[in-house]
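Next comes protein_37.txt, with compact mmCIF, C-alpha atoms.
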```txt
# COMPACT_ATOMS: atom_id res chain seq x y z
CA MET A 1 20.03 7.42 3.20
CA PHE A 2 16.64 6.25 1.91
CA ARG A 3 15.46 5.58 5.43
CA THR A 4 16.64 9.01 6.60
CA LEU A 5 14.98 10.87 3.74
CA VAL A 6 11.74 8.92 3.58
CA TRP A 7 10.86 7.77 7.04
CA LYS A 8 11.93 11.02 8.74
CA GLU A 9 9.93 12.88 6.09
CA ASP A 10 12.37 15.50 4.88
CA LEU A 11 9.88 17.92 3.36
CA ILE A 12 11.66 18.59 0.07
CA GLN A 13 12.32 14.92 -0.62
CA VAL A 14 8.79 13.96 0.40
CA ALA A 15 7.33 16.45 -2.08
CA ARG A 16 9.39 14.84 -4.85
CA LEU A 17 8.77 11.24 -3.84
CA ARG A 18 5.00 11.37 -3.32
CA PRO A 19 4.04 11.57 -7.03
CA VAL A 20 6.53 8.78 -7.80
CA ALA A 21 5.07 6.56 -5.08
CA PHE A 22 1.52 7.37 -6.21
CA GLY A 23 2.40 6.48 -9.81
CA LEU A 24 4.07 3.20 -8.82
CA LEU A 25 1.02 2.20 -6.79
CA CYS A 26 -1.28 2.94 -9.72
CA LEU A 27 0.95 0.94 -12.06
CA ILE A 28 1.33 -2.10 -9.80
CA TRP A 29 -2.23 -2.26 -8.50
CA GLY A 30 -3.47 -1.62 -12.04
CA SER A 31 -1.96 -4.97 -13.00
CA THR A 32 -3.16 -6.97 -9.99
CA TRP A 33 -6.85 -7.16 -10.98
CA LEU A 34 -5.95 -9.48 -13.85
CA VAL A 35 -3.26 -11.36 -11.89
CA ILE A 36 -5.77 -12.16 -9.13
CA LYS A 37 -8.18 -13.45 -11.76
CA VAL A 38 -5.65 -15.94 -13.16
CA GLY A 39 -3.79 -16.75 -9.96
CA TYR A 40 -6.15 -19.03 -8.00
CA GLY A 41 -4.33 -22.19 -9.09
CA GLY A 42 -7.29 -24.43 -8.29
CA VAL A 43 -7.37 -23.24 -4.67
CA GLY A 44 -10.30 -21.64 -2.85
CA ALA A 45 -10.55 -17.84 -3.02
CA LEU A 46 -10.03 -17.20 0.69
CA THR A 47 -7.28 -19.82 0.93
CA VAL A 48 -5.22 -18.22 -1.81
CA ALA A 49 -5.75 -14.76 -0.29
CA ALA A 50 -4.60 -16.10 3.11
CA LEU A 51 -1.46 -17.56 1.50
CA ARG A 52 -0.72 -14.26 -0.23
CA PHE A 53 -0.68 -12.34 3.05
CA LEU A 54 1.12 -15.09 4.95
CA ILE A 55 4.02 -14.81 2.51
CA ALA A 56 3.86 -11.01 2.42
CA GLY A 57 3.60 -10.75 6.22
CA LEU A 58 6.63 -12.95 6.80
CA VAL A 59 8.70 -11.01 4.27
CA MET A 60 7.55 -7.72 5.77
CA ALA A 61 8.46 -8.94 9.27
CA SER A 62 12.01 -9.64 8.10
CA LEU A 63 12.28 -6.01 6.96
CA VAL A 64 11.39 -4.53 10.35
CA PRO A 65 14.82 -5.08 11.97
CA LEU A 66 16.61 -4.19 8.74
CA LEU A 67 14.85 -0.83 8.70
CA ARG A 68 15.47 -0.42 12.46
CA ALA A 69 11.78 0.05 13.05
CA ARG A 70 10.15 -0.69 16.37
CA TRP A 71 7.33 -3.17 16.69
CA PRO A 72 3.91 -1.92 17.86
CA ARG A 73 3.61 -1.51 21.61
CA GLY A 74 0.76 -0.74 23.92
CA ALA A 75 -2.89 -1.67 23.63
CA ASN A 76 -3.81 1.13 21.21
CA GLU A 77 -1.16 0.29 18.63
CA TRP A 78 -1.91 -3.43 18.76
CA LEU A 79 -5.63 -2.68 18.48
CA LEU A 80 -4.86 -0.74 15.29
CA VAL A 81 -2.84 -3.70 13.98
CA VAL A 82 -5.75 -6.09 14.57
CA PHE A 83 -8.26 -3.66 13.07
CA VAL A 84 -6.19 -3.09 9.91
CA GLY A 85 -5.58 -6.82 9.58
CA ALA A 86 -9.28 -7.55 9.90
CA VAL A 87 -10.79 -4.83 7.68
CA LEU A 88 -8.04 -4.20 5.12
CA PHE A 89 -6.24 -7.49 4.55
CA ALA A 90 -9.01 -9.92 5.52
CA GLY A 91 -12.13 -7.87 4.71
CA ASP A 92 -11.05 -5.92 1.65
CA TYR A 93 -9.12 -8.70 -0.07
CA GLY A 94 -11.36 -11.50 1.11
CA PHE A 95 -14.31 -9.78 -0.57
CA ILE A 96 -12.32 -9.12 -3.76
CA TYR A 97 -10.91 -12.63 -4.12
CA TRP A 98 -14.33 -14.15 -3.56
CA ALA A 99 -16.05 -11.72 -5.94
CA GLU A 100 -13.57 -12.26 -8.77
CA LEU A 101 -14.51 -15.92 -8.89
CA THR A 102 -17.58 -14.79 -10.85
CA LEU A 103 -16.99 -11.14 -11.82
CA ASP A 104 -14.90 -9.89 -14.70
CA SER A 105 -11.82 -7.99 -13.55
CA SER A 106 -13.08 -4.87 -15.39
CA LEU A 107 -16.37 -4.84 -13.47
CA THR A 108 -14.48 -5.42 -10.22
CA ALA A 109 -12.26 -2.42 -10.96
CA ILE A 110 -15.28 -0.22 -11.69
CA LEU A 111 -17.03 -1.19 -8.46
CA PHE A 112 -13.90 -0.75 -6.34
CA ALA A 113 -13.47 2.75 -7.78
CA VAL A 114 -16.23 3.82 -5.37
CA ASN A 115 -13.46 3.78 -2.73
CA PRO A 116 -12.73 7.55 -2.91
CA VAL A 117 -16.41 8.36 -2.35
CA LEU A 118 -16.51 6.10 0.70
CA THR A 119 -13.16 7.44 1.95
CA VAL A 120 -14.45 11.01 1.77
CA LEU A 121 -17.47 10.04 3.88
CA VAL A 122 -15.53 7.97 6.44
CA ALA A 123 -12.81 10.62 6.73
CA HIS A 124 -15.46 13.28 7.33
CA VAL A 125 -16.66 11.35 10.38
CA TYR A 126 -13.30 10.24 11.78
CA LEU A 127 -10.59 12.66 10.61
CA PRO A 128 -11.06 16.22 11.91
CA GLY A 129 -8.84 17.68 9.18
CA GLU A 130 -10.62 16.01 6.25
CA ARG A 131 -14.18 17.28 6.17
CA ALA A 132 -16.40 16.29 3.27
CA THR A 133 -17.35 19.03 0.80
CA LEU A 134 -19.50 19.09 -2.30
CA ARG A 135 -16.32 19.50 -4.36
CA LYS A 136 -14.76 16.36 -2.89
CA LEU A 137 -17.88 14.26 -3.31
CA GLY A 138 -18.61 15.67 -6.74
CA GLY A 139 -15.06 15.07 -7.90
CA ALA A 140 -15.05 11.51 -6.60
CA LEU A 141 -18.35 10.78 -8.37
CA VAL A 142 -17.11 12.32 -11.64
CA ALA A 143 -13.95 10.18 -11.45
CA LEU A 144 -16.09 7.11 -10.74
CA ALA A 145 -18.20 7.93 -13.80
CA GLY A 146 -14.99 8.11 -15.81
CA VAL A 147 -14.05 4.59 -14.76
CA ALA A 148 -17.52 3.37 -15.75
CA VAL A 149 -17.18 5.00 -19.19
CA LEU A 150 -13.79 3.33 -19.73
CA PHE A 151 -15.27 -0.15 -19.36
CA GLY A 152 -18.90 0.54 -20.26
CA ARG A 153 -19.12 -1.63 -23.35
CA SER A 154 -17.19 -4.58 -21.94
CA VAL A 155 -19.00 -4.97 -18.63
CA ARG A 156 -21.45 -7.84 -18.15
CA VAL A 157 -24.02 -7.19 -15.44
CA ASP A 158 -27.02 -9.30 -14.42
CA VAL A 159 -29.09 -9.79 -11.29
CA SER A 160 -27.30 -13.03 -10.37
CA LEU A 161 -24.08 -11.03 -9.93
CA THR A 162 -25.54 -8.83 -7.18
CA PRO A 163 -23.89 -10.65 -4.21
CA PRO A 164 -20.32 -10.49 -5.59
CA MET A 165 -20.89 -6.92 -6.75
CA LEU A 166 -21.95 -5.94 -3.24
CA ALA A 167 -18.90 -7.80 -1.94
CA VAL A 168 -16.59 -5.56 -3.99
CA VAL A 169 -18.32 -2.46 -2.61
CA GLY A 170 -17.89 -3.99 0.85
CA GLY A 171 -14.20 -4.41 0.08
CA ALA A 172 -13.96 -0.77 -0.95
CA LEU A 173 -15.60 0.26 2.34
CA SER A 174 -13.24 -2.00 4.29
CA GLY A 175 -10.28 -0.39 2.54
CA ALA A 176 -11.59 3.07 3.39
CA LEU A 177 -12.01 2.14 7.07
CA GLY A 178 -8.49 0.69 7.25
CA SER A 179 -6.92 3.72 5.58
CA VAL A 180 -8.71 6.28 7.74
CA ALA A 181 -7.91 4.39 10.97
CA THR A 182 -4.25 4.19 9.98
CA LYS A 183 -4.19 7.88 9.11
CA ARG A 184 -5.50 8.84 12.54
CA HIS A 185 -3.76 6.31 14.80
CA GLY A 186 -0.74 5.00 12.91
CA LYS A 187 1.43 8.09 12.50
CA HIS A 188 4.02 6.86 15.03
CA LEU A 189 4.32 3.39 13.50
CA HIS A 190 6.74 2.53 10.71
CA PRO A 191 4.78 1.12 7.73
CA ALA A 192 6.70 -2.17 7.87
CA ALA A 193 6.04 -2.60 11.60
CA LEU A 194 2.32 -1.99 11.07
CA ASN A 195 1.97 -4.04 7.90
CA ALA A 196 3.83 -7.16 9.01
CA PRO A 197 1.62 -8.18 11.96
CA ALA A 198 -1.53 -6.80 10.29
CA MET A 199 -0.94 -8.98 7.23
CA LEU A 200 -0.43 -12.03 9.44
CA VAL A 201 -3.63 -11.20 11.36
CA GLY A 202 -5.43 -10.92 8.03
CA SER A 203 -4.00 -14.26 6.90
CA VAL A 204 -5.25 -16.00 10.05
CA ILE A 205 -8.75 -14.52 9.67
CA LEU A 206 -8.86 -15.48 5.98
CA THR A 207 -7.77 -19.04 6.85
CA LEU A 208 -10.52 -19.38 9.45
CA ALA A 209 -13.04 -18.00 6.97
CA ALA A 210 -11.82 -20.46 4.33
CA VAL A 211 -12.34 -23.36 6.75
CA ALA A 212 -15.80 -22.06 7.59
CA ARG A 213 -16.63 -21.97 3.87
CA GLY A 214 -15.46 -25.56 3.48
CA GLU A 215 -12.43 -24.75 1.37
CA GLU A 216 -9.64 -27.30 1.21
CA LEU A 217 -6.47 -25.84 2.70
CA ARG A 218 -3.82 -26.69 0.14
CA LEU A 219 -1.21 -24.98 -2.00
CA PRO A 220 -1.88 -23.75 -5.55
CA SER A 221 -0.86 -25.99 -8.42
CA GLY A 222 1.03 -24.98 -11.54
CA ALA A 223 3.97 -22.66 -12.18
CA GLY A 224 1.69 -19.88 -13.44
CA ALA A 225 -0.27 -19.80 -10.19
CA TRP A 226 2.93 -19.58 -8.17
CA TRP A 227 4.37 -16.80 -10.32
CA ALA A 228 1.10 -14.93 -9.79
CA MET A 229 1.26 -15.63 -6.04
CA LEU A 230 4.83 -14.35 -5.75
CA TYR A 231 4.02 -11.24 -7.76
CA LEU A 232 0.94 -10.49 -5.66
CA SER A 233 2.75 -11.22 -2.38
CA LEU A 234 6.05 -9.45 -2.98
CA VAL A 235 5.29 -6.70 -5.48
CA GLY A 236 1.53 -6.34 -5.03
CA SER A 237 1.68 -6.45 -1.21
CA VAL A 238 5.13 -5.85 0.31
CA VAL A 239 6.24 -3.09 -2.05
CA THR A 240 2.83 -1.50 -2.48
CA PHE A 241 1.77 -1.40 1.15
CA LEU A 242 5.10 0.07 2.26
CA LEU A 243 4.52 2.87 -0.25
CA TYR A 244 0.79 3.12 0.49
CA PHE A 245 1.13 3.48 4.27
CA TRP A 246 3.99 5.93 3.81
CA LEU A 247 1.76 8.03 1.53
CA LEU A 248 -0.94 7.98 4.20
CA LYS A 249 1.56 9.61 6.55
CA THR A 250 2.37 12.39 4.09
CA TRP A 251 -0.86 12.97 2.16
CA SER A 252 -4.53 13.10 3.07
CA ALA A 253 -6.49 9.84 3.06
CA THR A 254 -8.79 11.31 0.41
CA THR A 255 -5.89 12.07 -1.92
CA VAL A 256 -4.40 8.59 -1.58
CA SER A 257 -7.78 6.94 -2.17
CA PHE A 258 -7.82 8.18 -5.76
CA ILE A 259 -5.34 5.46 -6.64
CA SER A 260 -8.40 3.24 -7.09
CA VAL A 261 -9.76 5.34 -9.97
CA PHE A 262 -6.41 5.39 -11.78
CA THR A 263 -5.75 1.64 -11.60
CA PRO A 264 -8.42 0.76 -14.22
CA LEU A 265 -6.92 3.40 -16.51
CA VAL A 266 -3.50 1.81 -16.03
CA ALA A 267 -5.00 -1.56 -16.94
CA LEU A 268 -6.22 -0.09 -20.23
CA VAL A 269 -2.84 1.50 -20.95
CA LEU A 270 -1.13 -1.83 -20.31
CA GLY A 271 -3.60 -3.50 -22.65
CA PHE A 272 -2.71 -0.97 -25.34
CA ALA A 273 1.05 -1.30 -24.79
CA VAL A 274 1.26 -5.08 -24.34
CA LEU A 275 -1.72 -6.47 -26.24
CA GLY A 276 -2.04 -3.83 -28.91
CA GLU A 277 -5.59 -2.90 -27.93
CA LYS A 278 -6.72 0.30 -29.62
CA PRO A 279 -8.30 3.03 -27.47
CA GLY A 280 -11.68 4.33 -28.58
CA VAL A 281 -13.65 7.50 -27.91
CA ALA A 282 -14.81 6.10 -24.55
CA THR A 283 -11.19 5.76 -23.47
CA PHE A 284 -10.50 9.45 -23.99
CA VAL A 285 -13.82 10.55 -22.47
CA GLY A 286 -13.31 8.29 -19.43
CA THR A 287 -9.75 9.51 -18.97
CA ALA A 288 -10.87 13.14 -19.11
CA LEU A 289 -13.59 12.48 -16.52
CA ILE A 290 -11.13 10.75 -14.17
CA LEU A 291 -8.58 13.55 -14.37
CA GLY A 292 -11.26 16.22 -14.09
CA GLY A 293 -12.88 14.51 -11.13
CA VAL A 294 -9.58 14.19 -9.28
CA LEU A 295 -8.75 17.86 -9.84
CA LEU A 296 -12.24 18.90 -8.77
CA ALA A 297 -12.02 16.84 -5.58
CA LEU A 298 -8.52 17.81 -4.51
CA LEU A 299 -8.11 21.41 -5.63
CA THR A 300 -9.87 24.21 -3.77
CA PRO A 301 -11.30 27.32 -5.49
CA SER A 302 -8.18 29.28 -4.50
CA ASN A 303 -5.89 26.82 -6.31
CA LYS A 304 -4.89 24.95 -3.19
CA ILE A 305 -4.43 21.22 -2.76
CA LEU A 306 -5.09 18.99 0.24
CA THR A 307 -1.91 18.00 2.07
CA THR A 308 -0.96 15.73 4.93
CA GLU A 309 -3.63 16.44 7.52
CA GLY A 310 -6.35 17.64 5.17
CA THR A 311 -5.16 21.23 5.46
CA GLU A 312 -4.54 23.35 2.42
CA LYS A 313 -1.31 24.39 0.78
CA THR A 314 -1.07 26.94 -2.00
CA GLU A 315 0.44 25.57 -5.21
CA LYS A 316 2.61 27.65 -7.51
CA THR A 317 1.19 28.35 -10.94
CA THR A 318 3.10 28.63 -14.17
```
Reformat the file's structure so that it appears as structure tokens.
Amino acid sequence: MFRTLVWKEDLIQVARLRPVAFGLLCLIWGSTWLVIKVGYGGVGALTVAALRFLIAGLVMASLVPLLRARWPRGANEWLLVVFVGAVLFAGDYGFIYWAELTLDSSLTAILFAVNPVLTVLVAHVYLPGERATLRKLGGALVALAGVAVLFGRSVRVDVSLTPPMLAVVGGALSGALGSVATKRHGKHLHPAALNAPAMLVGSVILTLAAVARGEELRLPSGAGAWWAMLYLSLVGSVVTFLLYFWLLKTWSATTVSFISVFTPLVALVLGFAVLGEKPGVATFVGTALILGGVLLALLTPSNKILTTEGTEKTEKTT
């Protein structure tokens, strides 16, 4: 039943499931910044990223026949697989894992929140139905400012951190490129069938990069590192990328990209709920800016919201 409702995109069920999927992605990816930071297990950054996507890719491959999905076929679909593997799983995550060796997870989250701005620009060039507007760019920048306000007092920035900071921005650009390419060329591919080989391609590229950097190819040590690895591989990769690529089929790439400005907010909420951290004025101001920026970017003056192909759909008001 799930496969019938979700993958065949029954319109009523899709409308109900999209906010749930979006919320789950924000919640899960909001927790992964910290898990990445503590999950290296004494292993090189690119090596541990390669292992993450090796595990996730193999698990995802086992789901393809269970979901009765077809594997990619033809040069164009396999070219998309290689491209997504290279820019999203190898480029995006390779940059992030390397950067978080020296950056605080909060600063990493702030820098990656530039992703919606970059997605708007890339989509304008490559997706005919998602043209950039001042409202989209302005909203994305306001949301980004909200993320910066959330973490403003806790962020440590100095000139020596410039290379890893640029790496995070490079990861955000890589993510934007992968999402936009999938939106345009991956509509006939089941998310599992696209993700499985793309993750394995990404793992191979990350392994080669790790060797080039002189990293020792070995497994992480310690139970904590393995729990982190399993969480990142199964929950933070298999579950999330099935949902993420499904959302790309049913929402605009710009809309989906705003997950990256909500994940830092989720991290703060988790800190409040689990660690008892008390929110300050900056928390409320940052939250207001994020929500206002998202609404500004995605709602048109006539109270319409961007849908699947970047077209507009009138929303009911109460």
Practice task
To one decimal in Å, tell me the separation between atom CA of A:Gly94 and atom CA of A:Leu46.
Solution key: 5.9 Å
Problem - Given only C-alpha atoms as the counted atoms, nearest of A:Pro191, A:Pro163, A:Gly171, A:Gly146 to A:Leu265 - result: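 Residue with the minimum atom-to-atom distance to A:Leu265: A:Gly146.
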Problem - stretch 214-223 of chain A surroundings by only C-alpha atoms, 12 Å radius, close-in-sequence under 2 positions cut, as a list in words - result: Val38, Gly39, Tyr40, Gly41, Gly42, Val43, Gly44, Ala45, Leu46, Thr47, Val48, Ala49, Ala50, Leu51, Arg52, Trp98, Leu206, Thr207, Leu208, Ala209, Ala210, Val211, Ala212, Ala225, Trp226, Trp227, Ala228, Met229 and Leu230 of chain A
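The gap separating atom CA of A:Leu177 from atom CA of A:Ser160 is 27.7 Å, in Å to one decimal.
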Handout entry: Close residues, stretch 133-140 of chain A itself excluded, 6 Å, only C-alpha atoms, min 6 positions apart in chain, as an NGL selection string
Key = :A and (116-117 or 293-294 or 296-297)
Exercise for the section: May I ask which of the residues A:Ser31, A:Asn76, A:Thr263, A:Thr119 is the closest one to A:Gly186, counting all atoms listed in the file? Expected result: A:Asn76
Problem - Gap from atom CA of A:Phe89 to atom CA of A:Leu291 - Å, one decimal - result: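 Between atom CA of A:Phe89 and atom CA of A:Leu291 the gap works out to 28.4 Å.
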Problem - Which of A:Leu27, A:Ala198, A:Leu80, A:Ala192 sits closest to A:Leu66 [using all atoms listed in the file] - result: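 Result for the nearest residue to A:Leu66: A:Ala192.
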Practice task
Considering all atoms listed in the file, state which residue in the set A:Pro197, A:Gly224, A:Gly23, A:Arg16 is at the smallest distance from A:Thr240.
Solution key: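 Residue with the minimum atom-to-atom distance to A:Thr240: A:Gly23.
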Handout entry: Selected residue, from A:Leu194, A:Ala143, A:Val204, A:Leu118, that lies nearest to A:Leu242 when counting all atoms listed in the file
Key =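 Of all the options, A:Leu194 lies closest to A:Leu242.
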Quick one: stretch 81-92 of chain A with N, CA and C atoms, as a PDB file, keeping the file's coordinate frame?
```
ATOM      1  N   VAL A  81      -3.356  -2.589  14.779  1.00  0.00           N
ATOM      2  CA  VAL A  81      -2.840  -3.700  13.980  1.00  0.00           C
ATOM      3  C   VAL A  81      -3.949  -4.713  13.694  1.00  0.00           C
ATOM      4  N   VAL A  82      -4.676  -5.098  14.731  1.00  0.00           N
ATOM      5  CA  VAL A  82      -5.750  -6.090  14.570  1.00  0.00           C
ATOM      6  C   VAL A  82      -6.856  -5.534  13.680  1.00  0.00           C
ATOM      7  N   PHE A  83      -7.198  -4.272  13.872  1.00  0.00           N
ATOM      8  CA  PHE A  83      -8.260  -3.660  13.070  1.00  0.00           C
ATOM      9  C   PHE A  83      -7.865  -3.618  11.594  1.00  0.00           C
ATOM     10  N   VAL A  84      -6.642  -3.159  11.298  1.00  0.00           N
ATOM     11  CA  VAL A  84      -6.190  -3.090   9.910  1.00  0.00           C
ATOM     12  C   VAL A  84      -6.115  -4.489   9.303  1.00  0.00           C
ATOM     13  N   GLY A  85      -5.622  -5.449  10.080  1.00  0.00           N
ATOM     14  CA  GLY A  85      -5.580  -6.820   9.580  1.00  0.00           C
ATOM     15  C   GLY A  85      -6.950  -7.356   9.258  1.00  0.00           C
ATOM     16  N   ALA A  86      -7.928  -7.021  10.087  1.00  0.00           N
ATOM     17  CA  ALA A  86      -9.280  -7.550   9.900  1.00  0.00           C
ATOM     18  C   ALA A  86     -10.010  -6.865   8.749  1.00  0.00           C
ATOM     19  N   VAL A  87      -9.976  -5.520   8.691  1.00  0.00           N
ATOM     20  CA  VAL A  87     -10.790  -4.830   7.680  1.00  0.00           C
ATOM     21  C   VAL A  87     -10.070  -4.679   6.342  1.00  0.00           C
ATOM     22  N   LEU A  88      -8.755  -4.442   6.371  1.00  0.00           N
ATOM     23  CA  LEU A  88      -8.040  -4.200   5.120  1.00  0.00           C
ATOM     24  C   LEU A  88      -7.597  -5.498   4.455  1.00  0.00           C
ATOM     25  N   PHE A  89      -6.807  -6.294   5.179  1.00  0.00           N
ATOM     26  CA  PHE A  89      -6.240  -7.490   4.550  1.00  0.00           C
ATOM     27  C   PHE A  89      -7.224  -8.653   4.498  1.00  0.00           C
ATOM     28  N   ALA A  90      -8.022  -8.833   5.544  1.00  0.00           N
ATOM     29  CA  ALA A  90      -9.010  -9.920   5.520  1.00  0.00           C
ATOM     30  C   ALA A  90     -10.294  -9.466   4.830  1.00  0.00           C
ATOM     31  N   GLY A  91     -10.861  -8.323   5.253  1.00  0.00           N
ATOM     32  CA  GLY A  91     -12.130  -7.870   4.710  1.00  0.00           C
ATOM     33  C   GLY A  91     -12.028  -7.438   3.262  1.00  0.00           C
ATOM     34  N   ASP A  92     -11.195  -6.459   2.992  1.00  0.00           N
ATOM     35  CA  ASP A  92     -11.050  -5.920   1.650  1.00  0.00           C
ATOM     36  C   ASP A  92     -10.683  -7.023   0.647  1.00  0.00           C
TER      37      ASP A  92
END
```
